[in-house]
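First up is the structure itself, then whatever we jot down about it.
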Amino acid sequence: MKTGIFCNYENHHQNTSHSIWEQVALVKEAESLGFDSAWVSEHHFNEFNLSSSMLVLMGHLAGLTSTIQLGTAAVLLPFHNPIRVAEDIATLDNLCNGRLLFGVAKGGPFPQHNKHFGTPMGESRAKMLEAIALIQQLLYDADVSFNGEYYQCDRLTITPKPLQHRIPVYIATGDDQGIQFAAENSFGLMGGPPFSLERLKNTVAKYRAVNPSGAEKLVLARFFYVGKTNDEAISAALPFIRKFSQKMQANTAQIIQKGSNPHQKPFDRTNICFDEDYLIENSIIGDVRTCRDKITRFQDELNLNTLALKPSSFVLQNNLESLQRYNQEVRNYV
């Protein structure tokens with residue numbers, strides 16, 4: 001199993017420059033510890049997360065790192081022109097000397113995103129799948145002609161081309177159509193921190209039914225803090241978990257109240273949940289033994305390819321020490 005770090009660029013201090021510097025410090029520490037990857041998320045219209053221009057931030061990381069792979073987690077494709085995304089991804093792969101990993105998602109559930117980027121929620125998934133199909137052609141082929149429902153081009157060749165022969169692709173999805181598309185194309189899957197183990201097992205099983213050989217390509221992001229004791233770890237991580245829980249529950253209530261997504265499934269503990277006690281229980285948070293046991297369970301149930309750890313303290317020094325403790329006392333035992 002590979003180990004990654006998950007980067008949300010949280011603005012804990014209401015200071016953009018300082019928050020970006022802290023995230024860079026965590027990525028550089030992860031690289032020095034031999035972590036395999038750093039994954040950057042995309043967020044919009046949110047004063048707490050500064051990663052609206054994700055690919056710009058990744059270009060910055062490309063110039064400050066040399067060995068760690070850099071992953072998008074994920075590009076919210078329905079909110080972008082796929083031709084421009086293909087150009088940016090190809091350029092970024094050259095900037096980071098072939099270290100790029102390309103994760104994509106449909107975005108949501110955030111009604112503001114869909115409203116301001118002009119994409120109805122009911123179209124997001126279809127646009128994501130059509131966009132990634134076009135991007136794959138543009139990245140590696142010349143004179144591409146494409147006539148989809150949402151996107152078209154005529155004998156188009158983009159430059160530059162990627163440095164890698166094939167940039168690894170990952171799709172963040174639990175939907176049957178998305179899972180089948182990922183499996184048919186041997187793309188990897190991504191799972192976020194609130195996704196339950198039961199949901200992830202179901203997703204992997206559906207993927208394996210279509211493509212048994214690619215089912216190990218799962219990147220699982222989990223909130224993370226390994227402390228000297230369980231109480232220390234929970235105390236350090238709880239303020240972060242509580243803020244995330246409150247934000248997501250408020251957003252969910254807004255969706256239900258407005259009825260903006262009639263297809264929205266109920267949030268329950270066998271699918272996805274934002275309760276803080278649930279998030280702590282399903283995260284890699286605890287003392288060394290607890291974190292080892294939780295990771296082993298995820299490995300046994302899901303056959304993980306990469307565990308992407310999201311440091312979950314508001315204090316940089318705490319997060320650095322947690323990464324170091326993981327490297328010294330957890331990583332070689334799981």
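Ordering of the structure tokens sets the chain letters (A, B, ...); residue numbers start at 1 within each chain; ligands are numbered from 1 in the order shown.
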| task | Using DSSP on the backbone coordinates, identify all residues within region 104-296 of chain A classified as strand (DSSP E); present the result as a ChimeraX atom specification. | result | /A:104-105,144-147,152-156,169-172,188-191,218-226,284-286
Now that the selection is made, can you save its residues with C-alpha atoms as a compact mmCIF listing (two decimals), in the first residue's frame?
# COMPACT_ATOMS: atom_id res chain seq x y z
CA VAL A 104 -11.73 13.80 -11.54
CA ALA A 105 -15.18 14.23 -10.00
CA VAL A 144 -9.35 14.78 -32.61
CA SER A 145 -12.96 15.11 -33.71
CA PHE A 146 -15.58 14.72 -30.99
CA ASN A 147 -19.34 15.20 -31.16
CA GLN A 152 -17.54 19.11 -29.50
CA CYS A 153 -14.32 19.68 -31.41
CA ASP A 154 -13.20 19.23 -35.00
CA ARG A 155 -9.75 17.90 -35.96
CA LEU A 156 -8.13 19.42 -32.88
CA VAL A 169 -6.70 8.50 -14.06
CA TYR A 170 -8.93 8.18 -10.99
CA ILE A 171 -12.66 8.87 -10.73
CA ALA A 172 -14.35 9.85 -7.47
CA GLY A 188 -8.77 3.94 -10.61
CA LEU A 189 -11.37 4.95 -8.03
CA MET A 190 -11.26 7.55 -5.26
CA GLY A 191 -13.12 7.58 -1.95
CA LEU A 218 -8.35 2.63 -5.10
CA VAL A 219 -7.22 5.88 -3.48
CA LEU A 220 -8.86 6.34 -0.09
CA ALA A 221 -8.70 9.73 1.63
CA ARG A 222 -9.15 9.73 5.40
CA PHE A 223 -8.90 12.36 8.11
CA PHE A 224 -5.80 11.53 10.08
CA TYR A 225 -4.04 12.16 13.35
CA VAL A 226 -1.82 9.71 15.20
CA ILE A 284 -7.33 7.26 11.01
CA ILE A 285 -7.39 9.07 14.35
CA GLY A 286 -6.01 7.59 17.57
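Residues within 6 Å of Leu163 (chain A), counting only C-alpha atoms and excluding same-chain residues fewer than 3 positions away, are Asp93, Asn94 and Gly98 of chain A.
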| task | Compile the contact shell of Gln23 (chain A) as a ChimeraX atom specification: residues with an atom at most 9 Å away, counting only C-alpha atoms, same-chain residues fewer than 5 positions apart removed. | result | /A:7-10,18,28,316
Serialized selection, C-alpha atoms, as a short mmCIF file (atom, residue, chain, number, x, y, z; two decimals), in the first residue's frame:
data_model
loop_
_atom_site.label_atom_id
_atom_site.label_comp_id
_atom_site.auth_asym_id
_atom_site.auth_seq_id
_atom_site.Cartn_x
_atom_site.Cartn_y
_atom_site.Cartn_z
CA CYS A 7 -4.25 18.76 0.74
CA ASN A 8 -7.24 21.04 1.28
CA TYR A 9 -5.35 24.31 1.83
CA GLU A 10 -7.44 25.21 4.89
CA HIS A 18 0.36 31.78 5.73
CA LYS A 28 7.58 18.93 1.76
CA LEU A 316 1.02 22.89 11.96
#
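Distances from A:Val315, A:Ile135, A:Val204, A:Ala308 to Ala30 (chain A) were compared using only C-alpha atoms, and the smallest one belongs to A:Ala308.
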Residues at most 6 Å from Gln69 (chain A), counting only C-alpha atoms, excluding those fewer than 3 positions away in the same chain, as a short mmCIF file (atom, residue, chain, number, x, y, z; two decimals) with N, CA, C and O atoms, in the first residue's frame?
data_model
loop_
_atom_site.label_atom_id
_atom_site.label_comp_id
_atom_site.auth_asym_id
_atom_site.auth_seq_id
_atom_site.Cartn_x
_atom_site.Cartn_y
_atom_site.Cartn_z
N SER A 37 2.67 10.29 -2.61
CA SER A 37 1.86 11.23 -3.38
C SER A 37 1.30 12.33 -2.49
O SER A 37 1.15 12.17 -1.28
N ARG A 99 5.22 13.39 -12.91
CA ARG A 99 4.77 12.90 -11.59
C ARG A 99 3.27 13.07 -11.39
O ARG A 99 2.78 12.89 -10.26
N LEU A 100 2.52 13.40 -12.42
CA LEU A 100 1.12 13.77 -12.26
C LEU A 100 0.20 12.55 -12.18
O LEU A 100 0.36 11.56 -12.90
#
| field | Of the listed residues A:Gln246, A:Thr119, A:Ser41, A:Thr229, that which approaches Gly192 (chain A) most closely, counting only C-alpha atoms | value | A:Ser41
| query | So which residues touch Gly4 (chain A) within 7 Å, counting only C-alpha atoms, skipping near sequence neighbours fewer than 5 positions away, as JSON, numbers by chain? | reply | {"A": [35, 36, 37, 38, 306, 307, 308, 309]}
For the selection you just gave me, I'd like the residues written to a file as a short mmCIF file (atom, residue, chain, number, x, y, z; two decimals), in the first residue's frame, keeping all heavy atoms.
data_model
loop_
_atom_site.label_atom_id
_atom_site.label_comp_id
_atom_site.auth_asym_id
_atom_site.auth_seq_id
_atom_site.Cartn_x
_atom_site.Cartn_y
_atom_site.Cartn_z
N PHE A 35 6.78 9.74 1.47
CA PHE A 35 5.41 9.53 1.03
C PHE A 35 5.36 9.48 -0.49
O PHE A 35 6.16 10.11 -1.18
CB PHE A 35 4.50 10.64 1.54
CG PHE A 35 4.06 10.48 2.97
CD1 PHE A 35 4.91 9.95 3.93
CD2 PHE A 35 2.80 10.89 3.36
CE1 PHE A 35 4.51 9.81 5.25
CE2 PHE A 35 2.38 10.76 4.68
CZ PHE A 35 3.24 10.22 5.63
N ASP A 36 4.40 8.75 -1.01
CA ASP A 36 4.34 8.50 -2.45
C ASP A 36 3.65 9.62 -3.23
O ASP A 36 3.98 9.85 -4.40
CB ASP A 36 3.61 7.18 -2.72
CG ASP A 36 4.32 6.00 -2.09
OD1 ASP A 36 5.36 5.57 -2.65
OD2 ASP A 36 3.87 5.52 -1.04
N SER A 37 2.67 10.29 -2.61
CA SER A 37 1.86 11.23 -3.38
C SER A 37 1.30 12.33 -2.49
O SER A 37 1.15 12.17 -1.28
CB SER A 37 0.70 10.49 -4.08
OG SER A 37 -0.04 9.72 -3.14
N ALA A 38 0.98 13.46 -3.14
CA ALA A 38 0.27 14.57 -2.50
C ALA A 38 -0.93 14.90 -3.40
O ALA A 38 -0.76 15.14 -4.60
CB ALA A 38 1.17 15.79 -2.35
N THR A 306 -3.70 3.22 -2.43
CA THR A 306 -3.12 4.39 -1.77
C THR A 306 -4.03 4.86 -0.65
O THR A 306 -5.24 5.02 -0.86
CB THR A 306 -2.92 5.55 -2.77
OG1 THR A 306 -2.02 5.14 -3.80
CG2 THR A 306 -2.35 6.78 -2.07
N LEU A 307 -3.46 5.11 0.51
CA LEU A 307 -4.16 5.76 1.61
C LEU A 307 -3.67 7.21 1.66
O LEU A 307 -2.49 7.46 1.91
CB LEU A 307 -3.87 5.06 2.93
CG LEU A 307 -4.50 5.67 4.18
CD1 LEU A 307 -6.02 5.63 4.09
CD2 LEU A 307 -4.03 4.94 5.44
N ALA A 308 -4.58 8.15 1.39
CA ALA A 308 -4.23 9.57 1.38
C ALA A 308 -4.64 10.18 2.72
O ALA A 308 -5.83 10.30 3.02
CB ALA A 308 -4.92 10.29 0.22
N LEU A 309 -3.66 10.54 3.53
CA LEU A 309 -3.89 11.01 4.89
C LEU A 309 -4.14 12.51 4.90
O LEU A 309 -3.34 13.29 4.37
CB LEU A 309 -2.68 10.68 5.77
CG LEU A 309 -2.29 9.20 5.84
CD1 LEU A 309 -0.99 9.04 6.61
CD2 LEU A 309 -3.41 8.37 6.47
#
| remark: Using only C-alpha atoms, the residue out of A:Leu279, A:Ala205, A:Met248, A:Leu95 with shortest distance to Ala62 (chain A) is A:Leu95
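The shortest atom-to-atom distance to Asp300 (chain A), with only C-alpha atoms taken into account, belongs to A:Val334 out of A:Ser66, A:Ser196, A:Val334, A:Ile158.
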Exercise: Gln324 (chain A) partners within 10 Å, only C-alpha atoms, chain neighbours under 5 positions left out, as an mmCIF file with all heavy atoms, in the first residue's frame:
data_model
loop_
_atom_site.group_PDB
_atom_site.id
_atom_site.type_symbol
_atom_site.label_atom_id
_atom_site.label_comp_id
_atom_site.auth_asym_id
_atom_site.auth_seq_id
_atom_site.Cartn_x
_atom_site.Cartn_y
_atom_site.Cartn_z
ATOM 1 N N GLU A 29 7.336 18.009 4.006
ATOM 2 C CA GLU A 29 7.635 17.033 5.060
ATOM 3 C C GLU A 29 7.256 15.634 4.602
ATOM 4 O O GLU A 29 8.004 14.673 4.822
ATOM 5 C CB GLU A 29 6.881 17.395 6.337
ATOM 6 C CG GLU A 29 7.080 16.428 7.489
ATOM 7 C CD GLU A 29 8.502 16.417 8.041
ATOM 8 O OE1 GLU A 29 9.279 17.363 7.754
ATOM 9 O OE2 GLU A 29 8.858 15.458 8.761
ATOM 10 N N ALA A 30 6.087 15.505 3.967
ATOM 11 C CA ALA A 30 5.671 14.201 3.468
ATOM 12 C C ALA A 30 6.669 13.663 2.447
ATOM 13 O O ALA A 30 7.007 12.472 2.448
ATOM 14 C CB ALA A 30 4.279 14.301 2.844
ATOM 15 N N LEU A 33 9.710 12.333 4.120
ATOM 16 C CA LEU A 33 9.442 11.065 4.811
ATOM 17 C C LEU A 33 9.237 9.911 3.831
ATOM 18 O O LEU A 33 8.997 8.780 4.246
ATOM 19 C CB LEU A 33 8.211 11.204 5.708
ATOM 20 C CG LEU A 33 8.339 12.176 6.888
ATOM 21 C CD1 LEU A 33 6.996 12.347 7.591
ATOM 22 C CD2 LEU A 33 9.407 11.701 7.874
ATOM 23 N N VAL A 226 -2.331 10.741 14.302
ATOM 24 C CA VAL A 226 -1.823 9.707 15.200
ATOM 25 C C VAL A 226 -1.108 10.401 16.351
ATOM 26 O O VAL A 226 -0.184 11.195 16.147
ATOM 27 C CB VAL A 226 -0.908 8.687 14.468
ATOM 28 C CG1 VAL A 226 0.222 9.368 13.724
ATOM 29 C CG2 VAL A 226 -0.362 7.650 15.438
ATOM 30 N N ASN A 318 1.646 20.171 15.311
ATOM 31 C CA ASN A 318 0.969 18.912 15.641
ATOM 32 C C ASN A 318 0.888 18.005 14.420
ATOM 33 O O ASN A 318 1.126 16.789 14.504
ATOM 34 C CB ASN A 318 -0.446 19.190 16.155
ATOM 35 C CG ASN A 318 -0.475 19.787 17.544
ATOM 36 O OD1 ASN A 318 0.539 19.801 18.241
ATOM 37 N ND2 ASN A 318 -1.641 20.284 17.954
ATOM 38 N N ASN A 319 0.551 18.578 13.277
ATOM 39 C CA ASN A 319 0.432 17.775 12.062
ATOM 40 C C ASN A 319 1.780 17.217 11.610
ATOM 41 O O ASN A 319 1.868 16.071 11.150
ATOM 42 C CB ASN A 319 -0.190 18.610 10.948
ATOM 43 C CG ASN A 319 -1.676 18.836 11.137
ATOM 44 O OD1 ASN A 319 -2.378 17.960 11.641
ATOM 45 N ND2 ASN A 319 -2.172 19.994 10.740
ATOM 46 N N GLU A 329 6.143 4.725 13.395
ATOM 47 C CA GLU A 329 5.512 3.708 14.237
ATOM 48 C C GLU A 329 4.295 3.030 13.624
ATOM 49 O O GLU A 329 3.785 2.070 14.200
ATOM 50 C CB GLU A 329 5.098 4.339 15.584
ATOM 51 C CG GLU A 329 6.275 4.954 16.360
ATOM 52 C CD GLU A 329 5.863 5.451 17.715
ATOM 53 O OE1 GLU A 329 5.299 4.647 18.484
ATOM 54 O OE2 GLU A 329 6.086 6.649 18.005
ATOM 55 N N VAL A 330 3.825 3.513 12.488
ATOM 56 C CA VAL A 330 2.627 2.918 11.890
ATOM 57 C C VAL A 330 2.935 2.334 10.510
ATOM 58 O O VAL A 330 2.572 1.191 10.210
ATOM 59 C CB VAL A 330 1.500 3.969 11.777
ATOM 60 C CG1 VAL A 330 0.268 3.347 11.079
ATOM 61 C CG2 VAL A 330 1.126 4.506 13.151
ATOM 62 N N ARG A 331 3.618 3.098 9.679
ATOM 63 C CA ARG A 331 3.734 2.769 8.256
ATOM 64 C C ARG A 331 4.317 1.381 8.010
ATOM 65 O O ARG A 331 3.808 0.643 7.142
ATOM 66 C CB ARG A 331 4.604 3.821 7.581
ATOM 67 C CG ARG A 331 4.625 3.743 6.072
ATOM 68 C CD ARG A 331 5.416 4.909 5.491
ATOM 69 N NE ARG A 331 5.434 4.906 4.053
ATOM 70 C CZ ARG A 331 6.092 5.792 3.321
ATOM 71 N NH1 ARG A 331 6.791 6.744 3.907
ATOM 72 N NH2 ARG A 331 6.059 5.719 2.014
#
| Would you give me, as number ranges by chain, the residues in region 139-248 of chain A that DSSP reads as alpha helix (DSSP H)? | A: 139-140, 176-184, 197-210, 230-248
Next, the residues of the selection above should be written as a CSV table (one decimal), in the first residue's frame with N, CA and C atoms.
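Saved as again-v1.csv:
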chain,number,residue,atom,x,y,z
A,139,LEU,N,-5.4,14.3,-25.0
A,139,LEU,CA,-4.0,14.2,-24.4
A,139,LEU,C,-3.1,13.4,-25.3
A,140,TYR,N,-3.6,12.4,-26.0
A,140,TYR,CA,-2.7,11.4,-26.6
A,140,TYR,C,-2.9,11.3,-28.1
A,176,ASP,N,-23.4,3.9,-10.1
A,176,ASP,CA,-23.2,2.7,-11.0
A,176,ASP,C,-22.6,3.0,-12.4
A,177,GLN,N,-23.1,4.1,-13.0
A,177,GLN,CA,-22.6,4.5,-14.3
A,177,GLN,C,-21.2,4.9,-14.2
A,178,GLY,N,-20.8,5.7,-13.2
A,178,GLY,CA,-19.4,6.1,-13.1
A,178,GLY,C,-18.5,4.9,-12.8
A,179,ILE,N,-18.9,4.0,-11.9
A,179,ILE,CA,-18.1,2.8,-11.6
A,179,ILE,C,-17.9,2.0,-12.9
A,180,GLN,N,-18.9,1.8,-13.6
A,180,GLN,CA,-18.8,1.0,-14.9
A,180,GLN,C,-17.8,1.6,-15.8
A,181,PHE,N,-18.0,3.0,-16.0
A,181,PHE,CA,-17.1,3.7,-16.9
A,181,PHE,C,-15.6,3.6,-16.4
A,182,ALA,N,-15.4,3.7,-15.1
A,182,ALA,CA,-14.0,3.6,-14.6
A,182,ALA,C,-13.5,2.2,-14.9
A,183,ALA,N,-14.3,1.2,-14.6
A,183,ALA,CA,-13.9,-0.2,-14.8
A,183,ALA,C,-13.6,-0.6,-16.2
A,184,GLU,N,-14.4,-0.1,-17.1
A,184,GLU,CA,-14.3,-0.4,-18.6
A,184,GLU,C,-13.0,0.2,-19.1
A,197,LEU,N,-17.3,2.6,5.0
A,197,LEU,CA,-16.6,1.3,4.6
A,197,LEU,C,-17.6,0.5,3.8
A,198,GLU,N,-18.8,0.4,4.2
A,198,GLU,CA,-19.8,-0.4,3.5
A,198,GLU,C,-20.0,0.2,2.1
A,199,ARG,N,-20.1,1.5,1.9
A,199,ARG,CA,-20.3,2.1,0.6
A,199,ARG,C,-19.1,1.7,-0.3
A,200,LEU,N,-17.9,1.9,0.3
A,200,LEU,CA,-16.6,1.6,-0.5
A,200,LEU,C,-16.5,0.2,-0.9
A,201,LYS,N,-16.9,-0.7,0.0
A,201,LYS,CA,-16.9,-2.2,-0.4
A,201,LYS,C,-17.8,-2.5,-1.5
A,202,ASN,N,-19.0,-1.8,-1.5
A,202,ASN,CA,-20.0,-2.0,-2.5
A,202,ASN,C,-19.5,-1.5,-3.9
A,203,THR,N,-18.8,-0.3,-3.8
A,203,THR,CA,-18.2,0.3,-5.0
A,203,THR,C,-17.2,-0.6,-5.6
A,204,VAL,N,-16.2,-1.1,-4.8
A,204,VAL,CA,-15.2,-2.0,-5.2
A,204,VAL,C,-15.7,-3.3,-5.8
A,205,ALA,N,-16.7,-3.8,-5.2
A,205,ALA,CA,-17.3,-5.1,-5.7
A,205,ALA,C,-18.0,-4.9,-7.1
A,206,LYS,N,-18.6,-3.7,-7.3
A,206,LYS,CA,-19.2,-3.5,-8.6
A,206,LYS,C,-18.1,-3.3,-9.6
A,207,TYR,N,-17.0,-2.6,-9.3
A,207,TYR,CA,-15.9,-2.4,-10.2
A,207,TYR,C,-15.3,-3.8,-10.6
A,208,ARG,N,-15.1,-4.6,-9.6
A,208,ARG,CA,-14.5,-6.0,-9.8
A,208,ARG,C,-15.4,-6.8,-10.7
A,209,ALA,N,-16.7,-6.7,-10.6
A,209,ALA,CA,-17.6,-7.5,-11.5
A,209,ALA,C,-17.4,-7.1,-12.9
A,210,VAL,N,-16.9,-5.9,-13.2
A,210,VAL,CA,-16.6,-5.5,-14.6
A,210,VAL,C,-15.2,-5.7,-15.0
A,230,ASN,N,-5.0,7.9,22.6
A,230,ASN,CA,-6.2,8.2,21.9
A,230,ASN,C,-6.8,9.5,22.2
A,231,ASP,N,-6.8,9.8,23.5
A,231,ASP,CA,-7.4,11.1,24.0
A,231,ASP,C,-6.6,12.3,23.4
A,232,GLU,N,-5.3,12.2,23.3
A,232,GLU,CA,-4.5,13.3,22.7
A,232,GLU,C,-4.9,13.4,21.2
A,233,ALA,N,-5.0,12.3,20.5
A,233,ALA,CA,-5.3,12.4,19.1
A,233,ALA,C,-6.7,13.0,18.8
A,234,ILE,N,-7.7,12.5,19.6
A,234,ILE,CA,-9.0,13.0,19.4
A,234,ILE,C,-9.1,14.5,19.8
A,235,SER,N,-8.5,14.9,20.9
A,235,SER,CA,-8.5,16.3,21.3
A,235,SER,C,-7.8,17.2,20.2
A,236,ALA,N,-6.8,16.7,19.6
A,236,ALA,CA,-6.1,17.5,18.6
A,236,ALA,C,-6.9,17.6,17.3
A,237,ALA,N,-7.6,16.6,16.9
A,237,ALA,CA,-8.4,16.5,15.7
A,237,ALA,C,-9.8,17.0,15.8
A,238,LEU,N,-10.4,17.0,17.0
A,238,LEU,CA,-11.8,17.3,17.1
A,238,LEU,C,-12.2,18.7,16.6
A,239,PRO,N,-11.5,19.8,16.9
A,239,PRO,CA,-11.9,21.1,16.3
A,239,PRO,C,-12.0,21.1,14.8
A,240,PHE,N,-11.1,20.4,14.1
A,240,PHE,CA,-11.1,20.3,12.7
A,240,PHE,C,-12.3,19.5,12.2
A,241,ILE,N,-12.5,18.3,12.8
A,241,ILE,CA,-13.6,17.4,12.5
A,241,ILE,C,-15.0,18.1,12.7
A,242,ARG,N,-15.1,18.9,13.8
A,242,ARG,CA,-16.3,19.5,14.2
A,242,ARG,C,-16.7,20.6,13.1
A,243,LYS,N,-15.7,21.4,12.7
A,243,LYS,CA,-15.9,22.4,11.7
A,243,LYS,C,-16.4,21.8,10.4
A,244,PHE,N,-15.7,20.7,10.0
A,244,PHE,CA,-16.1,20.1,8.7
A,244,PHE,C,-17.5,19.5,8.9
A,245,SER,N,-17.8,18.9,10.0
A,245,SER,CA,-19.1,18.3,10.2
A,245,SER,C,-20.2,19.4,10.1
A,246,GLN,N,-20.0,20.5,10.8
A,246,GLN,CA,-21.0,21.5,10.8
A,246,GLN,C,-21.2,22.1,9.4
A,247,LYS,N,-20.1,22.3,8.7
A,247,LYS,CA,-20.2,22.9,7.3
A,247,LYS,C,-21.0,22.0,6.4
A,248,MET,N,-20.7,20.7,6.5
A,248,MET,CA,-21.4,19.7,5.6
A,248,MET,C,-22.8,19.5,6.0
| field | region 42-44 of chain A environment, 12 Å, only C-alpha atoms, sequence neighbours closer than 3 positions dropped, as a ChimeraX atom specification | value | /A:6-10,39,47-58,71-77,79-80,103-117
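Taking CA of Ala90 (chain A) and CA of Leu61 (chain A) as the two end points, the separation is 15.8 Å.
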| remark: Min atom-atom distance to Thr159 (chain A) from the set A:Asn81, A:Thr91, A:Thr67, A:Gln249, counting only C-alpha atoms, belongs to A:Thr91
| query | Which value, in Å to one decimal, gives the distance between CA of Leu101 (chain A) and CA of Ile167 (chain A)? | reply | 6.2 Å
| remark: Students should find that CA of Cys291 (chain A) and CA of Gly227 (chain A) are spaced 9.2 Å
